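Trainee: First, the structure itself, so that you have it in front of you.
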Amino acid sequence: MSGHSKWNNIKHKKEKTDAQRAKVFTKIGREISMAVKAGGGDPAVNGKLRDLIAKAKQNNVPNDNIERLIKKAASVGGEDYEVIFYEGYGPCGVAMIVETLTDNRNRTAGDLRHYFDKNGGNLGANGSVSWMFTDRGMIVIEKAGLDADTVMMDALDSGAADFNEEDEVFEIVTEPADVGAVREALEAKGYTLLSSEVEKIPSTYSRVEGEDNLKLMRRLIDMLDDNDDVQNVWHNWENEDEE
């Protein structure tokens with residue numbers, strides 16, 4: 001969750017350059033590889049893979065690329081990745097959780113420690129900030145002339161737990177285990193989704209004060225985003241959109 005609205009984070013992802021989008025493809029490829037090795041290459045029986053295929057399409061990964069990733073992962077060999085979460089604080093006490101998918105935990109830990117130290121933050125122990133966050137399924141639909149009441153009823157009928165209307169999008173909240181089923185139900189109703197993932201939602205927010213601290217915070221986020229091992233970054237930075 002980025003600020004008060006998930007849409008801030010989605011916009012940030014959609015506006016990436018070609019080089020940055022290539023990194024997104026690489027990150028999703030790792031997730032797909034791990035899911036195939038864990039549950040097989042048939043999305044009909046591998047729910048995690050089915051969710052990741054939807055995520056890949058939402059991020060404009062071509063179908064041919066997705067099929068090649070699945071076939072490659074299903075073959076013998078390839079890297080073995082593990083999921084590791086890191087917790088810490090950015091400038092002005094912004095709480096941060098970083099999800100990584102790595103084949104070398106020493107390299108990843110060293111990189112992240114360097115990023116935090118260089119930008120006025122520090123890594124903490126497991127549990128140091130995760131208590132401030134709650135896992136929620138978040139589905140985002142662009143408004144595009146859609147009727148709010150209709151979308152809300154369709155979302156609730158599909159099993160959603162909550163519904164929020166933002167300036168440009170509708171945000172649909174689900175229990176973490178339900179996000180895939182709600183996504184599929186909404187797609188069956190004809191909706192095109194911008195995003196559908198489990199997010200870590202902060203219970204409180206922190207402001208970053210001062211231009212120097214704002215620059216450090218933005219640079220920390222950019223450095224994390226550019227690291228191939230980093231899959232997701234969640235934080236409680238309240239004034240992210242301020243210039």
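Labels for the structure tokens follow display order: chains A, B, ..., residues from 1 in each chain, ligands from 1.
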Neighbouring residues of region 41-47 of chain A were defined as those with any atom within 12 Å, considering only C-alpha atoms; residues of the same chain fewer than 3 positions away were excluded. Please report them as a list in words.
Mentor: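 Once the adjacent positions are removed, what remains is Ile32, Ser33, Met34, Ala35, Val36, Lys37, Ala38, Arg50, Asp51, Leu52, Ile53, Ala54, Ile66, Glu67, Arg68, Leu69, Ile70, Lys71, Lys72, Ala73, Ala74, Ser75, Ala177, Asp178, Val179, Gly180, Ala181 and Glu184 of chain A.
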Trainee: Restricting the output to N, CA, C and O atoms, write the selected residues as a compact mmCIF listing (two decimals), in the first residue's frame.
Mentor:
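Below you can see out-v3.txt, which holds the result:
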# COMPACT_ATOMS: atom_id res chain seq x y z
N ILE A 32 6.80 -16.82 -11.09
CA ILE A 32 6.19 -17.90 -11.87
C ILE A 32 7.03 -19.15 -11.78
O ILE A 32 6.51 -20.27 -11.59
N SER A 33 8.35 -19.00 -11.92
CA SER A 33 9.25 -20.15 -11.83
C SER A 33 9.09 -20.87 -10.50
O SER A 33 8.98 -22.11 -10.44
N MET A 34 9.03 -20.11 -9.42
CA MET A 34 8.89 -20.70 -8.09
C MET A 34 7.54 -21.40 -7.94
O MET A 34 7.46 -22.49 -7.35
N ALA A 35 6.49 -20.77 -8.46
CA ALA A 35 5.16 -21.36 -8.35
C ALA A 35 5.05 -22.66 -9.14
O ALA A 35 4.43 -23.63 -8.68
N VAL A 36 5.64 -22.70 -10.33
CA VAL A 36 5.60 -23.91 -11.15
C VAL A 36 6.34 -25.05 -10.47
O VAL A 36 5.88 -26.20 -10.44
N LYS A 37 7.50 -24.75 -9.92
CA LYS A 37 8.29 -25.79 -9.25
C LYS A 37 7.57 -26.32 -8.02
O LYS A 37 7.71 -27.49 -7.66
N ALA A 38 6.79 -25.45 -7.38
CA ALA A 38 6.08 -25.87 -6.16
C ALA A 38 4.79 -26.61 -6.45
O ALA A 38 4.43 -27.54 -5.73
N ARG A 50 -2.02 -19.49 -11.35
CA ARG A 50 -3.14 -18.80 -11.99
C ARG A 50 -3.15 -17.31 -11.59
O ARG A 50 -3.34 -16.43 -12.43
N ASP A 51 -2.90 -17.05 -10.32
CA ASP A 51 -2.84 -15.66 -9.84
C ASP A 51 -1.68 -14.91 -10.48
O ASP A 51 -1.80 -13.73 -10.84
N LEU A 52 -0.54 -15.59 -10.64
CA LEU A 52 0.64 -14.92 -11.20
C LEU A 52 0.48 -14.67 -12.70
O LEU A 52 0.99 -13.67 -13.21
N ILE A 53 -0.21 -15.55 -13.39
CA ILE A 53 -0.50 -15.30 -14.81
C ILE A 53 -1.36 -14.05 -14.94
O ILE A 53 -1.13 -13.20 -15.81
N ALA A 54 -2.35 -13.91 -14.06
CA ALA A 54 -3.18 -12.70 -14.07
C ALA A 54 -2.33 -11.48 -13.77
O ALA A 54 -2.48 -10.43 -14.43
N ILE A 66 4.92 -15.48 -21.10
CA ILE A 66 4.37 -16.23 -19.97
C ILE A 66 4.48 -17.73 -20.22
O ILE A 66 4.91 -18.50 -19.35
N GLU A 67 4.12 -18.16 -21.43
CA GLU A 67 4.18 -19.58 -21.77
C GLU A 67 5.61 -20.10 -21.73
O GLU A 67 5.87 -21.21 -21.24
N ARG A 68 6.56 -19.29 -22.21
CA ARG A 68 7.97 -19.71 -22.17
C ARG A 68 8.47 -19.84 -20.74
O ARG A 68 9.21 -20.77 -20.41
N LEU A 69 8.06 -18.90 -19.89
CA LEU A 69 8.46 -18.96 -18.48
C LEU A 69 7.97 -20.24 -17.82
O LEU A 69 8.70 -20.89 -17.07
N ILE A 70 6.72 -20.59 -18.09
CA ILE A 70 6.14 -21.79 -17.49
C ILE A 70 6.85 -23.04 -17.98
O ILE A 70 7.20 -23.93 -17.19
N LYS A 71 7.10 -23.11 -19.29
CA LYS A 71 7.78 -24.28 -19.85
C LYS A 71 9.20 -24.41 -19.31
O LYS A 71 9.66 -25.50 -18.97
N LYS A 72 9.89 -23.28 -19.20
CA LYS A 72 11.26 -23.30 -18.69
C LYS A 72 11.29 -23.77 -17.24
O LYS A 72 12.13 -24.58 -16.84
N ALA A 73 10.35 -23.26 -16.44
CA ALA A 73 10.31 -23.62 -15.03
C ALA A 73 9.94 -25.09 -14.83
O ALA A 73 10.38 -25.72 -13.86
N ALA A 74 9.12 -25.62 -15.75
CA ALA A 74 8.69 -27.01 -15.63
C ALA A 74 9.80 -27.99 -16.01
O ALA A 74 9.74 -29.17 -15.66
N SER A 75 10.81 -27.50 -16.73
CA SER A 75 11.92 -28.37 -17.14
C SER A 75 12.87 -28.56 -15.97
O SER A 75 12.83 -27.84 -14.97
N ALA A 177 -6.94 -14.77 1.26
CA ALA A 177 -7.17 -16.04 0.57
C ALA A 177 -8.23 -15.93 -0.53
O ALA A 177 -8.35 -16.83 -1.37
N ASP A 178 -8.99 -14.84 -0.54
CA ASP A 178 -10.12 -14.72 -1.46
C ASP A 178 -9.80 -13.89 -2.71
O ASP A 178 -10.64 -13.80 -3.61
N VAL A 179 -8.63 -13.29 -2.78
CA VAL A 179 -8.37 -12.34 -3.86
C VAL A 179 -8.45 -12.99 -5.23
O VAL A 179 -8.99 -12.40 -6.19
N GLY A 180 -7.99 -14.24 -5.36
CA GLY A 180 -8.05 -14.93 -6.65
C GLY A 180 -9.47 -15.22 -7.08
O GLY A 180 -9.85 -14.99 -8.24
N ALA A 181 -10.28 -15.71 -6.15
CA ALA A 181 -11.67 -16.04 -6.47
C ALA A 181 -12.47 -14.80 -6.82
O ALA A 181 -13.28 -14.81 -7.76
N GLU A 184 -11.43 -13.57 -10.31
CA GLU A 184 -12.01 -14.38 -11.38
C GLU A 184 -13.50 -14.09 -11.54
O GLU A 184 -14.02 -14.04 -12.67
Trainee: Between A:Asn63, A:Thr108, A:Thr204, A:Asn213, which has the minimum distance to Gly90 (chain A) (counting only C-alpha atoms)?
Mentor: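 Looking only at the distances to Gly90 (chain A), the closest residue turns out to be A:Asn213.
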Trainee: Do a neighbour search on Pro176 (chain A) at 12 Å with only C-alpha atoms, toss out local chain neighbours closer than 3 positions, and write the hits as a PDB file with all heavy atoms, in the first residue's frame.
Mentor:
ATOM      1  N   THR A 134      -1.352  -5.087   7.957  1.00  0.00           N
ATOM      2  CA  THR A 134      -2.303  -6.192   7.868  1.00  0.00           C
ATOM      3  C   THR A 134      -2.405  -6.639   6.421  1.00  0.00           C
ATOM      4  O   THR A 134      -2.511  -5.805   5.517  1.00  0.00           O
ATOM      5  CB  THR A 134      -3.699  -5.756   8.359  1.00  0.00           C
ATOM      6  OG1 THR A 134      -3.600  -5.275   9.696  1.00  0.00           O
ATOM      7  CG2 THR A 134      -4.669  -6.929   8.316  1.00  0.00           C
ATOM      8  N   ASP A 135      -2.367  -7.943   6.188  1.00  0.00           N
ATOM      9  CA  ASP A 135      -2.507  -8.465   4.825  1.00  0.00           C
ATOM     10  C   ASP A 135      -3.959  -8.334   4.360  1.00  0.00           C
ATOM     11  O   ASP A 135      -4.887  -8.747   5.065  1.00  0.00           O
ATOM     12  CB  ASP A 135      -2.098  -9.939   4.772  1.00  0.00           C
ATOM     13  CG  ASP A 135      -0.594 -10.123   4.875  1.00  0.00           C
ATOM     14  OD1 ASP A 135       0.129  -9.111   4.867  1.00  0.00           O
ATOM     15  OD2 ASP A 135      -0.138 -11.277   4.943  1.00  0.00           O
ATOM     16  N   ARG A 136      -4.131  -7.777   3.161  1.00  0.00           N
ATOM     17  CA  ARG A 136      -5.448  -7.651   2.547  1.00  0.00           C
ATOM     18  C   ARG A 136      -5.320  -7.879   1.040  1.00  0.00           C
ATOM     19  O   ARG A 136      -4.350  -7.452   0.420  1.00  0.00           O
ATOM     20  CB  ARG A 136      -6.044  -6.254   2.780  1.00  0.00           C
ATOM     21  CG  ARG A 136      -6.500  -5.998   4.206  1.00  0.00           C
ATOM     22  CD  ARG A 136      -7.790  -6.762   4.521  1.00  0.00           C
ATOM     23  NE  ARG A 136      -8.284  -6.460   5.856  1.00  0.00           N
ATOM     24  CZ  ARG A 136      -7.994  -7.164   6.928  1.00  0.00           C
ATOM     25  NH1 ARG A 136      -7.186  -8.213   6.819  1.00  0.00           N
ATOM     26  NH2 ARG A 136      -8.499  -6.843   8.103  1.00  0.00           N
ATOM     27  N   GLY A 137      -6.303  -8.541   0.470  1.00  0.00           N
ATOM     28  CA  GLY A 137      -6.378  -8.618  -0.981  1.00  0.00           C
ATOM     29  C   GLY A 137      -6.859  -7.280  -1.510  1.00  0.00           C
ATOM     30  O   GLY A 137      -7.833  -6.726  -0.995  1.00  0.00           O
ATOM     31  N   MET A 138      -6.163  -6.732  -2.513  1.00  0.00           N
ATOM     32  CA  MET A 138      -6.525  -5.436  -3.080  1.00  0.00           C
ATOM     33  C   MET A 138      -6.708  -5.585  -4.586  1.00  0.00           C
ATOM     34  O   MET A 138      -5.785  -5.984  -5.293  1.00  0.00           O
ATOM     35  CB  MET A 138      -5.449  -4.394  -2.803  1.00  0.00           C
ATOM     36  CG  MET A 138      -5.281  -4.029  -1.341  1.00  0.00           C
ATOM     37  SD  MET A 138      -6.702  -3.130  -0.651  1.00  0.00           S
ATOM     38  CE  MET A 138      -6.717  -1.673  -1.673  1.00  0.00           C
ATOM     39  N   ILE A 139      -7.900  -5.272  -5.061  1.00  0.00           N
ATOM     40  CA  ILE A 139      -8.220  -5.321  -6.483  1.00  0.00           C
ATOM     41  C   ILE A 139      -8.544  -3.899  -6.935  1.00  0.00           C
ATOM     42  O   ILE A 139      -9.332  -3.209  -6.285  1.00  0.00           O
ATOM     43  CB  ILE A 139      -9.404  -6.256  -6.762  1.00  0.00           C
ATOM     44  CG1 ILE A 139      -9.035  -7.703  -6.372  1.00  0.00           C
ATOM     45  CG2 ILE A 139      -9.831  -6.183  -8.231  1.00  0.00           C
ATOM     46  CD1 ILE A 139     -10.190  -8.680  -6.453  1.00  0.00           C
ATOM     47  N   GLY A 159     -17.774 -11.691  -3.380  1.00  0.00           N
ATOM     48  CA  GLY A 159     -17.088 -12.116  -2.161  1.00  0.00           C
ATOM     49  C   GLY A 159     -16.155 -11.092  -1.565  1.00  0.00           C
ATOM     50  O   GLY A 159     -15.393 -11.408  -0.636  1.00  0.00           O
ATOM     51  N   ALA A 160     -16.194  -9.846  -2.065  1.00  0.00           N
ATOM     52  CA  ALA A 160     -15.334  -8.807  -1.510  1.00  0.00           C
ATOM     53  C   ALA A 160     -15.759  -8.451  -0.090  1.00  0.00           C
ATOM     54  O   ALA A 160     -16.930  -8.588   0.280  1.00  0.00           O
ATOM     55  CB  ALA A 160     -15.371  -7.564  -2.395  1.00  0.00           C
ATOM     56  N   ALA A 161     -14.789  -7.961   0.683  1.00  0.00           N
ATOM     57  CA  ALA A 161     -15.069  -7.567   2.070  1.00  0.00           C
ATOM     58  C   ALA A 161     -15.360  -6.087   2.199  1.00  0.00           C
ATOM     59  O   ALA A 161     -16.055  -5.657   3.130  1.00  0.00           O
ATOM     60  CB  ALA A 161     -13.873  -7.934   2.956  1.00  0.00           C
ATOM     61  N   ILE A 172     -11.144  -2.526  -4.356  1.00  0.00           N
ATOM     62  CA  ILE A 172     -11.955  -3.601  -3.782  1.00  0.00           C
ATOM     63  C   ILE A 172     -11.069  -4.411  -2.838  1.00  0.00           C
ATOM     64  O   ILE A 172     -10.000  -4.884  -3.221  1.00  0.00           O
ATOM     65  CB  ILE A 172     -12.528  -4.487  -4.901  1.00  0.00           C
ATOM     66  CG1 ILE A 172     -13.493  -3.653  -5.765  1.00  0.00           C
ATOM     67  CG2 ILE A 172     -13.235  -5.706  -4.325  1.00  0.00           C
ATOM     68  CD1 ILE A 172     -13.767  -4.245  -7.118  1.00  0.00           C
ATOM     69  N   VAL A 173     -11.528  -4.539  -1.604  1.00  0.00           N
ATOM     70  CA  VAL A 173     -10.743  -5.198  -0.565  1.00  0.00           C
ATOM     71  C   VAL A 173     -11.310  -6.592  -0.311  1.00  0.00           C
ATOM     72  O   VAL A 173     -12.530  -6.770  -0.226  1.00  0.00           O
ATOM     73  CB  VAL A 173     -10.768  -4.380   0.738  1.00  0.00           C
ATOM     74  CG1 VAL A 173      -9.881  -5.016   1.804  1.00  0.00           C
ATOM     75  CG2 VAL A 173     -10.337  -2.937   0.476  1.00  0.00           C
ATOM     76  N   VAL A 179      -8.626 -13.289  -2.778  1.00  0.00           N
ATOM     77  CA  VAL A 179      -8.365 -12.337  -3.857  1.00  0.00           C
ATOM     78  C   VAL A 179      -8.455 -12.994  -5.234  1.00  0.00           C
ATOM     79  O   VAL A 179      -8.988 -12.405  -6.193  1.00  0.00           O
ATOM     80  CB  VAL A 179      -7.000 -11.637  -3.664  1.00  0.00           C
ATOM     81  CG1 VAL A 179      -5.840 -12.619  -3.738  1.00  0.00           C
ATOM     82  CG2 VAL A 179      -6.824 -10.505  -4.664  1.00  0.00           C
ATOM     83  N   GLY A 180      -7.986 -14.243  -5.359  1.00  0.00           N
ATOM     84  CA  GLY A 180      -8.046 -14.929  -6.646  1.00  0.00           C
ATOM     85  C   GLY A 180      -9.473 -15.223  -7.077  1.00  0.00           C
ATOM     86  O   GLY A 180      -9.845 -14.987  -8.236  1.00  0.00           O
ATOM     87  N   ALA A 181     -10.283 -15.706  -6.154  1.00  0.00           N
ATOM     88  CA  ALA A 181     -11.670 -16.041  -6.474  1.00  0.00           C
ATOM     89  C   ALA A 181     -12.474 -14.798  -6.823  1.00  0.00           C
ATOM     90  O   ALA A 181     -13.281 -14.806  -7.760  1.00  0.00           O
ATOM     91  CB  ALA A 181     -12.311 -16.780  -5.298  1.00  0.00           C
ATOM     92  N   VAL A 182     -12.248 -13.710  -6.075  1.00  0.00           N
ATOM     93  CA  VAL A 182     -12.967 -12.460  -6.362  1.00  0.00           C
ATOM     94  C   VAL A 182     -12.511 -11.902  -7.707  1.00  0.00           C
ATOM     95  O   VAL A 182     -13.330 -11.418  -8.502  1.00  0.00           O
ATOM     96  CB  VAL A 182     -12.755 -11.441  -5.230  1.00  0.00           C
ATOM     97  CG1 VAL A 182     -13.397 -10.106  -5.583  1.00  0.00           C
ATOM     98  CG2 VAL A 182     -13.336 -11.971  -3.922  1.00  0.00           C
ATOM     99  N   ARG A 183     -11.219 -11.968  -7.982  1.00  0.00           N
ATOM    100  CA  ARG A 183     -10.708 -11.512  -9.276  1.00  0.00           C
ATOM    101  C   ARG A 183     -11.381 -12.265 -10.418  1.00  0.00           C
ATOM    102  O   ARG A 183     -11.858 -11.665 -11.388  1.00  0.00           O
ATOM    103  CB  ARG A 183      -9.197 -11.719  -9.360  1.00  0.00           C
ATOM    104  CG  ARG A 183      -8.574 -11.231 -10.671  1.00  0.00           C
ATOM    105  CD  ARG A 183      -7.219 -11.846 -10.942  1.00  0.00           C
ATOM    106  NE  ARG A 183      -7.329 -13.230 -11.364  1.00  0.00           N
ATOM    107  CZ  ARG A 183      -6.758 -14.255 -10.752  1.00  0.00           C
ATOM    108  NH1 ARG A 183      -6.041 -14.073  -9.666  1.00  0.00           N
ATOM    109  NH2 ARG A 183      -6.916 -15.486 -11.218  1.00  0.00           N
ATOM    110  N   SER A 196      -4.470  -7.010  -8.957  1.00  0.00           N
ATOM    111  CA  SER A 196      -5.163  -7.884  -7.996  1.00  0.00           C
ATOM    112  C   SER A 196      -4.107  -8.681  -7.250  1.00  0.00           C
ATOM    113  O   SER A 196      -3.620  -9.689  -7.729  1.00  0.00           O
ATOM    114  CB  SER A 196      -6.146  -8.823  -8.707  1.00  0.00           C
ATOM    115  OG  SER A 196      -5.487  -9.584  -9.700  1.00  0.00           O
ATOM    116  N   GLU A 197      -3.737  -8.199  -6.071  1.00  0.00           N
ATOM    117  CA  GLU A 197      -2.672  -8.831  -5.294  1.00  0.00           C
ATOM    118  C   GLU A 197      -2.960  -8.719  -3.809  1.00  0.00           C
ATOM    119  O   GLU A 197      -3.793  -7.905  -3.385  1.00  0.00           O
ATOM    120  CB  GLU A 197      -1.326  -8.156  -5.570  1.00  0.00           C
ATOM    121  CG  GLU A 197      -0.836  -8.248  -6.998  1.00  0.00           C
ATOM    122  CD  GLU A 197       0.537  -7.618  -7.138  1.00  0.00           C
ATOM    123  OE1 GLU A 197       1.476  -8.118  -6.486  1.00  0.00           O
ATOM    124  OE2 GLU A 197       0.668  -6.635  -7.891  1.00  0.00           O
ATOM    125  N   VAL A 198      -2.251  -9.534  -3.037  1.00  0.00           N
ATOM    126  CA  VAL A 198      -2.283  -9.385  -1.592  1.00  0.00           C
ATOM    127  C   VAL A 198      -1.288  -8.294  -1.221  1.00  0.00           C
ATOM    128  O   VAL A 198      -0.121  -8.334  -1.621  1.00  0.00           O
ATOM    129  CB  VAL A 198      -1.932 -10.702  -0.881  1.00  0.00           C
ATOM    130  CG1 VAL A 198      -1.839 -10.491   0.629  1.00  0.00           C
ATOM    131  CG2 VAL A 198      -2.972 -11.770  -1.203  1.00  0.00           C
ATOM    132  N   GLU A 199      -1.753  -7.286  -0.494  1.00  0.00           N
ATOM    133  CA  GLU A 199      -0.932  -6.160  -0.090  1.00  0.00           C
ATOM    134  C   GLU A 199      -0.830  -6.114   1.432  1.00  0.00           C
ATOM    135  O   GLU A 199      -1.673  -6.658   2.138  1.00  0.00           O
ATOM    136  CB  GLU A 199      -1.552  -4.841  -0.586  1.00  0.00           C
ATOM    137  CG  GLU A 199      -1.745  -4.762  -2.078  1.00  0.00           C
ATOM    138  CD  GLU A 199      -0.446  -4.520  -2.832  1.00  0.00           C
ATOM    139  OE1 GLU A 199       0.505  -4.008  -2.201  1.00  0.00           O
ATOM    140  OE2 GLU A 199      -0.386  -4.831  -4.029  1.00  0.00           O
ATOM    141  N   LYS A 200       0.204  -5.448   1.914  1.00  0.00           N
ATOM    142  CA  LYS A 200       0.354  -5.207   3.346  1.00  0.00           C
ATOM    143  C   LYS A 200      -0.081  -3.763   3.608  1.00  0.00           C
ATOM    144  O   LYS A 200       0.576  -2.820   3.168  1.00  0.00           O
ATOM    145  CB  LYS A 200       1.797  -5.454   3.790  1.00  0.00           C
ATOM    146  CG  LYS A 200       2.191  -6.931   3.675  1.00  0.00           C
ATOM    147  CD  LYS A 200       3.554  -7.196   4.252  1.00  0.00           C
ATOM    148  CE  LYS A 200       3.927  -8.667   4.121  1.00  0.00           C
ATOM    149  NZ  LYS A 200       3.062  -9.554   4.909  1.00  0.00           N
ATOM    150  N   ILE A 201      -1.192  -3.599   4.310  1.00  0.00           N
ATOM    151  CA  ILE A 201      -1.804  -2.292   4.512  1.00  0.00           C
ATOM    152  C   ILE A 201      -1.420  -1.756   5.888  1.00  0.00           C
ATOM    153  O   ILE A 201      -1.647  -2.413   6.907  1.00  0.00           O
ATOM    154  CB  ILE A 201      -3.340  -2.388   4.408  1.00  0.00           C
ATOM    155  CG1 ILE A 201      -3.747  -3.137   3.125  1.00  0.00           C
ATOM    156  CG2 ILE A 201      -3.957  -0.999   4.458  1.00  0.00           C
ATOM    157  CD1 ILE A 201      -3.235  -2.522   1.856  1.00  0.00           C
TER     158      ILE A 201
END
Trainee: Hey, what's within 6 Å of region 222-229 of chain A if we count only C-alpha atoms and toss same-chain stuff fewer than 2 positions away? As a ChimeraX atom specification, please?
Mentor: /A:100-102,219-220
Trainee: Compare A:Asp80, A:Glu87, A:Asp212, A:Asp167 by their minimum atom-to-atom distance to Asn119 (chain A), counting only C-alpha atoms, and give me the closest one.
Mentor: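 The closest residue to Asn119 (chain A) is A:Asp212.
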Trainee: Tell me, which residues of region 89-222 of chain A carry DSSP strand (DSSP E or B), written as number ranges by chain?
Mentor: A: 89, 95-102, 122-124, 133-142, 162-165, 169-174, 195-202, 206
Trainee: Quote the spacing between CA of Asn164 (chain A) and CA of Thr192 (chain A) in Å to one decimal place.
Mentor: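 CA of Asn164 (chain A) sits 16.9 Å away from CA of Thr192 (chain A).
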Trainee: So, counting only C-alpha atoms, which residue among A:Asn232, A:Tyr205, A:Ile221, A:Gln58 is closest to Glu31 (chain A)?
Mentor: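 Among A:Asn232, A:Tyr205, A:Ile221, A:Gln58, it is A:Asn232 that comes nearest to Glu31 (chain A).
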Trainee: I'd like to know which residues of region 3-241 of chain A are helix (DSSP H, G or I) (by DSSP, run on the backbone); could you write them as a PyMOL selection string?
Mentor: chain A and resi 6-14+18-39+47-58+63-74+91-93+105-118+130-132+148-157+176-188+211-226
Trainee: Which one is closest to Val61 (chain A): A:Gly127, A:Gly29, A:Gly110, A:Pro202? Count only C-alpha atoms.
Mentor: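 For Val61 (chain A), the nearest of the candidates is A:Gly29.
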Trainee: With only C-alpha atoms as the atoms that count, which of A:Ala188, A:Val94, A:Ala125, A:Leu49 lies nearest to Glu209 (chain A)?
Mentor: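 Counting only C-alpha atoms, the residue closest to Glu209 (chain A) is A:Val94.
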Trainee: Just how far from CA of Lys215 (chain A) is CA of Phe133 (chain A), in Å to one decimal?
Mentor: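 Distance between the two atoms: 24.4 Å.
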Trainee: Please identify every residue of region 200-225 of chain A that has at least one atom no farther than 8 Å from an atom of region 237-241 of chain A, counting only C-alpha atoms, and for each give the shortest atom pair and the distance in Å to one decimal, arranged by chain then increasing number, as a tab-separated table.
Mentor:
residue	atom	partner	partner_atom	distance
A:Tyr205	CA	A:Glu238	CA	5.3
A:Ser206	CA	A:Trp237	CA	5.3
A:Arg207	CA	A:Glu238	CA	5.2
A:Val208	CA	A:Asn239	CA	6.8
Trainee: For a quick check of understanding, using only C-alpha atoms, which of A:Met132, A:Met153, A:Gly124, A:Ser195 has the smallest distance to Lys57 (chain A)?
Mentor: A:Ser195
